[in-house]
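Participant: Here it is, the structure, as structure tokens.
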Amino acid sequence: MSLDAILARIDQDMPEAIDRLFELLRIPSVSTDPAYKDHCDAAADWLVADLQSIGATAEKRVTPGHPMVVGHVDGDGPHLLFYGHYDVQPIDPIELWDRDPFDPELQDTPAGKVIRARGASDDKGQLMTFVEACRAWKAIHGTLPCKITFFFEGEEESGSPSLVPFMQENADELTTDIALICDTGLHESKVPAITTMLRGLLAEDFTITGPTRDLHSGMYGGVAMNPIRVLTKALGDLHDENGAVTLDGFYDDVPELPDEVRAQWQSLGFDHATFLGDVGLTTPAGEKDRTPLEQIWSRPTCDVNGIWGGYTGDGFKTVLPSEASAKVSFRLVGQQDPDKIRESFRKHLESYMPEGFTVDYRTEKGSPASQMSIANPAFDKARKALSDEWPYPAAYVGSGGSIPIAGFFKDLLGVDAMLVGFGKDDDQIHSPNEKYDLESFHKGIRSWARILDALSA
């Protein structure tokens, strides 16, 4: 009966919960722009005060960048850590917004009510679902169900430069039984999901240089090698006719998907025709012997993200360019080592270089994939709790994207991370007119209350 009372309290307090979220959304905490530094501080201060209002011992922690917010609540049972980020993406292009991005509004749409504002879905609305669940629990019981650590950062949207050093310096304080992350979404905007696979990321930004200067194509064409020709040949040979990546050793550390996981994914009824059709495409381009969901969630990729060289203005300038450049990224899975993949890619690229050609690389450190073990009983408890709240049973899913914090919890603290989120595919995060469905906010709060009840039992 106590859970029923908490859920009823959540329903009753929704107007106040929306008001609190709107207060946080009004703070323009854009982490990438130094002009918003004071606003990021203000958002951290707001969260400290809000956590203190539910009985947490909370404080703002200084970093070389934007501050961290850390809060603690003592209790019996398991020790949970909840992570979220209070910073948001820039609002550009502002002319494409229908209203002030930092003036949140509850709007009616054909699909239902939505909260419209920058950060509504990524990640302030998601972050507050957990805080509001804790608030309702405290209102009914006077305490929270177990020991909880709150950990909010303000640099997620700008690469989290302070995160790893802070976690290393405060490892004892942040090490818990399990970490909870709310920065993901519902599968196909309707099925509650626990993300258990996240792909890693490696990016290569490079320039090929051939002749010492741009050359007149009438004088040198045919006899002088064109760097763009070299570049396109090397990039074109990164995939074979079946969509597989051709780099030596690329698939050495890629695990096969367990049969039971493949069967569960198949049961989701993913419609790749609609998925691709929504962006004007028809046919999957990845490995032909893999299902579309496997290609997105559990298989590695190699993609050219940008390519340039020579004259690209109006009309023609008939030159052989001195340089040609490209940006190539890899999504990694399993135990793939970013450094090993980088070495293989560079060997591939350099094998195409004619005598006298050079390659200059501008790269950053890659991040490996993260895979959470669902053998931890907490995962099954949470899955059942989510299934009780939503019309569809919850599923374990993968993610084509990368959320480095999940890997940091495992690698730096030895803590498994559980990713549960309530965003929808059309939330337009990072884009103008970002929104968060009121249903996602409401049922997200109820979901965390159920998960807290299950994990603390």
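Residues are named by chain letter and number: chains run A, B, ... in the order of the structure tokens, numbers start at 1 in each chain, and ligands are numbered from 1 in the order shown.
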At most 8 Å is the cut-off: for each residue in region 85-112 of chain A with any atom that close to an atom of region 411-434 of chain A, write down the nearest atom pair and the distance in Å rounded to one decimal, counting only C-alpha atoms, chain first then increasing number, as a tab-separated table.
Facilitator:
residue	atom	partner	partner_atom	distance
A:Gln89	CA	A:His430	CA	5.8
A:Pro90	CA	A:His430	CA	7.7
A:Ile91	CA	A:Pro432	CA	6.7
A:Asp92	CA	A:Pro432	CA	7.5
A:Pro93	CA	A:Pro432	CA	7.1
A:Ile94	CA	A:Pro432	CA	7.3
A:Leu96	CA	A:Pro432	CA	5.9
A:Trp97	CA	A:Pro432	CA	5.2
A:Asp98	CA	A:Asn433	CA	6.7
A:Arg99	CA	A:Asn433	CA	7.9
A:Pro101	CA	A:Asn433	CA	7.2
Participant: Under the rule of at most 7 Å, produce a per-residue listing of region 52-110 of chain A near region 135-149 of chain A: chain, number, name, the closest pair of atoms, and the distance in Å, as JSON lines, using only C-alpha atoms.
Facilitator:
{"residue": "A:Ile54", "atom": "CA", "partner": "A:Arg135", "partner_atom": "CA", "distance": 5.8}
{"residue": "A:Gly71", "atom": "CA", "partner": "A:Thr149", "partner_atom": "CA", "distance": 5.6}
{"residue": "A:His72", "atom": "CA", "partner": "A:Thr149", "partner_atom": "CA", "distance": 4.5}
{"residue": "A:Val73", "atom": "CA", "partner": "A:Ile148", "partner_atom": "CA", "distance": 5.2}
{"residue": "A:Asp74", "atom": "CA", "partner": "A:Lys147", "partner_atom": "CA", "distance": 4.6}
{"residue": "A:Gly75", "atom": "CA", "partner": "A:Lys147", "partner_atom": "CA", "distance": 4.2}
{"residue": "A:Asp76", "atom": "CA", "partner": "A:Cys146", "partner_atom": "CA", "distance": 5.0}
{"residue": "A:Gly77", "atom": "CA", "partner": "A:Cys146", "partner_atom": "CA", "distance": 5.3}
{"residue": "A:Pro78", "atom": "CA", "partner": "A:Cys146", "partner_atom": "CA", "distance": 6.1}
{"residue": "A:His79", "atom": "CA", "partner": "A:Lys147", "partner_atom": "CA", "distance": 4.7}
{"residue": "A:Leu80", "atom": "CA", "partner": "A:Ile148", "partner_atom": "CA", "distance": 4.8}
{"residue": "A:Leu81", "atom": "CA", "partner": "A:Thr149", "partner_atom": "CA", "distance": 4.6}
{"residue": "A:Phe82", "atom": "CA", "partner": "A:Thr149", "partner_atom": "CA", "distance": 6.3}
Participant: Between CA of Asn226 (chain A) and CA of Asp360 (chain A), measure the distance and give it in Å to one decimal.
Facilitator: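 Those two atoms sit 16.6 Å apart.
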Participant: With distances taken over only C-alpha atoms, which of A:Pro227, A:Pro15, A:Pro161, A:Gly306 is nearest to Leu320 (chain A)?
Facilitator: A:Pro227
Participant: Might you pull out every residue within 6 Å of region 39-46 of chain A, with only C-alpha atoms counted and same-chain residues fewer than 2 positions away left off, and present them as a PDB file with N, CA and C atoms, in the first residue's frame?
Facilitator:
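around-v2.pdb, freshly written:
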ATOM      1  N   PRO A  28      19.282  29.663 -18.226  1.00  0.00           N
ATOM      2  CA  PRO A  28      19.935  29.328 -19.505  1.00  0.00           C
ATOM      3  C   PRO A  28      21.345  28.772 -19.300  1.00  0.00           C
ATOM      4  N   SER A  29      21.428  27.549 -18.827  1.00  0.00           N
ATOM      5  CA  SER A  29      22.712  26.946 -18.440  1.00  0.00           C
ATOM      6  C   SER A  29      23.405  26.283 -19.638  1.00  0.00           C
ATOM      7  N   TYR A  36      27.571  32.254 -20.573  1.00  0.00           N
ATOM      8  CA  TYR A  36      26.530  31.667 -19.732  1.00  0.00           C
ATOM      9  C   TYR A  36      27.094  31.061 -18.443  1.00  0.00           C
ATOM     10  N   LYS A  37      28.337  31.372 -18.128  1.00  0.00           N
ATOM     11  CA  LYS A  37      28.968  30.771 -16.953  1.00  0.00           C
ATOM     12  C   LYS A  37      28.172  31.031 -15.679  1.00  0.00           C
ATOM     13  N   VAL A  48      21.167  22.467  -5.748  1.00  0.00           N
ATOM     14  CA  VAL A  48      21.588  22.270  -4.356  1.00  0.00           C
ATOM     15  C   VAL A  48      20.428  22.577  -3.412  1.00  0.00           C
ATOM     16  N   ALA A  49      19.778  23.712  -3.635  1.00  0.00           N
ATOM     17  CA  ALA A  49      18.665  24.096  -2.769  1.00  0.00           C
ATOM     18  C   ALA A  49      17.510  23.105  -2.869  1.00  0.00           C
TER      19      ALA A  49
END
Participant: Which neighbours of Ser440 (chain A) fall inside 12 Å, counting only C-alpha atoms, when residues of the same chain fewer than 6 positions from it are skipped, and could you give them as a ChimeraX atom specification?
Facilitator: /A:112-115,120-121,125-129,182,184-186,189-192,389-390,420-425,427,446-448
Participant: For the residues in the current selection, export C-alpha atoms as a PDB file, in the first residue's frame.
Facilitator:
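Dumped everything to result.pdb:
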ATOM      1  CA  GLY A 112      -0.880  15.305 -26.249  1.00  0.00           C
ATOM      2  CA  LYS A 113       0.558  17.912 -23.919  1.00  0.00           C
ATOM      3  CA  VAL A 114       4.279  18.713 -24.140  1.00  0.00           C
ATOM      4  CA  ILE A 115       6.726  20.833 -22.170  1.00  0.00           C
ATOM      5  CA  ALA A 120      13.074  19.980 -21.357  1.00  0.00           C
ATOM      6  CA  SER A 121      14.136  16.510 -22.490  1.00  0.00           C
ATOM      7  CA  GLY A 125      13.159  17.055 -17.426  1.00  0.00           C
ATOM      8  CA  GLN A 126      14.709  13.612 -17.186  1.00  0.00           C
ATOM      9  CA  LEU A 127      16.833  14.590 -14.181  1.00  0.00           C
ATOM     10  CA  MET A 128      13.830  15.943 -12.316  1.00  0.00           C
ATOM     11  CA  THR A 129      11.795  12.750 -12.782  1.00  0.00           C
ATOM     12  CA  CYS A 182      18.323   9.078 -16.993  1.00  0.00           C
ATOM     13  CA  THR A 184      17.966   7.825 -22.742  1.00  0.00           C
ATOM     14  CA  GLY A 185      14.476   7.214 -24.078  1.00  0.00           C
ATOM     15  CA  LEU A 186      11.564   4.948 -24.785  1.00  0.00           C
ATOM     16  CA  SER A 189       8.589   6.364 -28.251  1.00  0.00           C
ATOM     17  CA  LYS A 190       6.355   3.842 -26.499  1.00  0.00           C
ATOM     18  CA  VAL A 191       8.213   0.855 -24.998  1.00  0.00           C
ATOM     19  CA  PRO A 192       9.967   1.443 -21.644  1.00  0.00           C
ATOM     20  CA  GLU A 389       3.865   1.382 -15.095  1.00  0.00           C
ATOM     21  CA  TRP A 390       3.675   1.364 -18.907  1.00  0.00           C
ATOM     22  CA  VAL A 420      16.523   4.324 -17.904  1.00  0.00           C
ATOM     23  CA  GLY A 421      14.999   7.279 -19.728  1.00  0.00           C
ATOM     24  CA  PHE A 422      11.662   8.506 -20.981  1.00  0.00           C
ATOM     25  CA  GLY A 423      12.559  10.693 -23.952  1.00  0.00           C
ATOM     26  CA  LYS A 424      10.831  10.207 -27.289  1.00  0.00           C
ATOM     27  CA  ASP A 425      12.279  10.114 -30.786  1.00  0.00           C
ATOM     28  CA  ASP A 427      11.806  15.395 -28.680  1.00  0.00           C
ATOM     29  CA  ARG A 446       6.048   7.219 -11.261  1.00  0.00           C
ATOM     30  CA  SER A 447       8.499   4.819 -12.891  1.00  0.00           C
ATOM     31  CA  TRP A 448      11.374   5.904 -10.654  1.00  0.00           C
TER      32      TRP A 448
END
Participant: Looking at only C-alpha atoms, which of A:Leu276, A:Met14, A:Val333, A:Ala326 is the one that sits closest to Gly398 (chain A)?
Facilitator: A:Val333
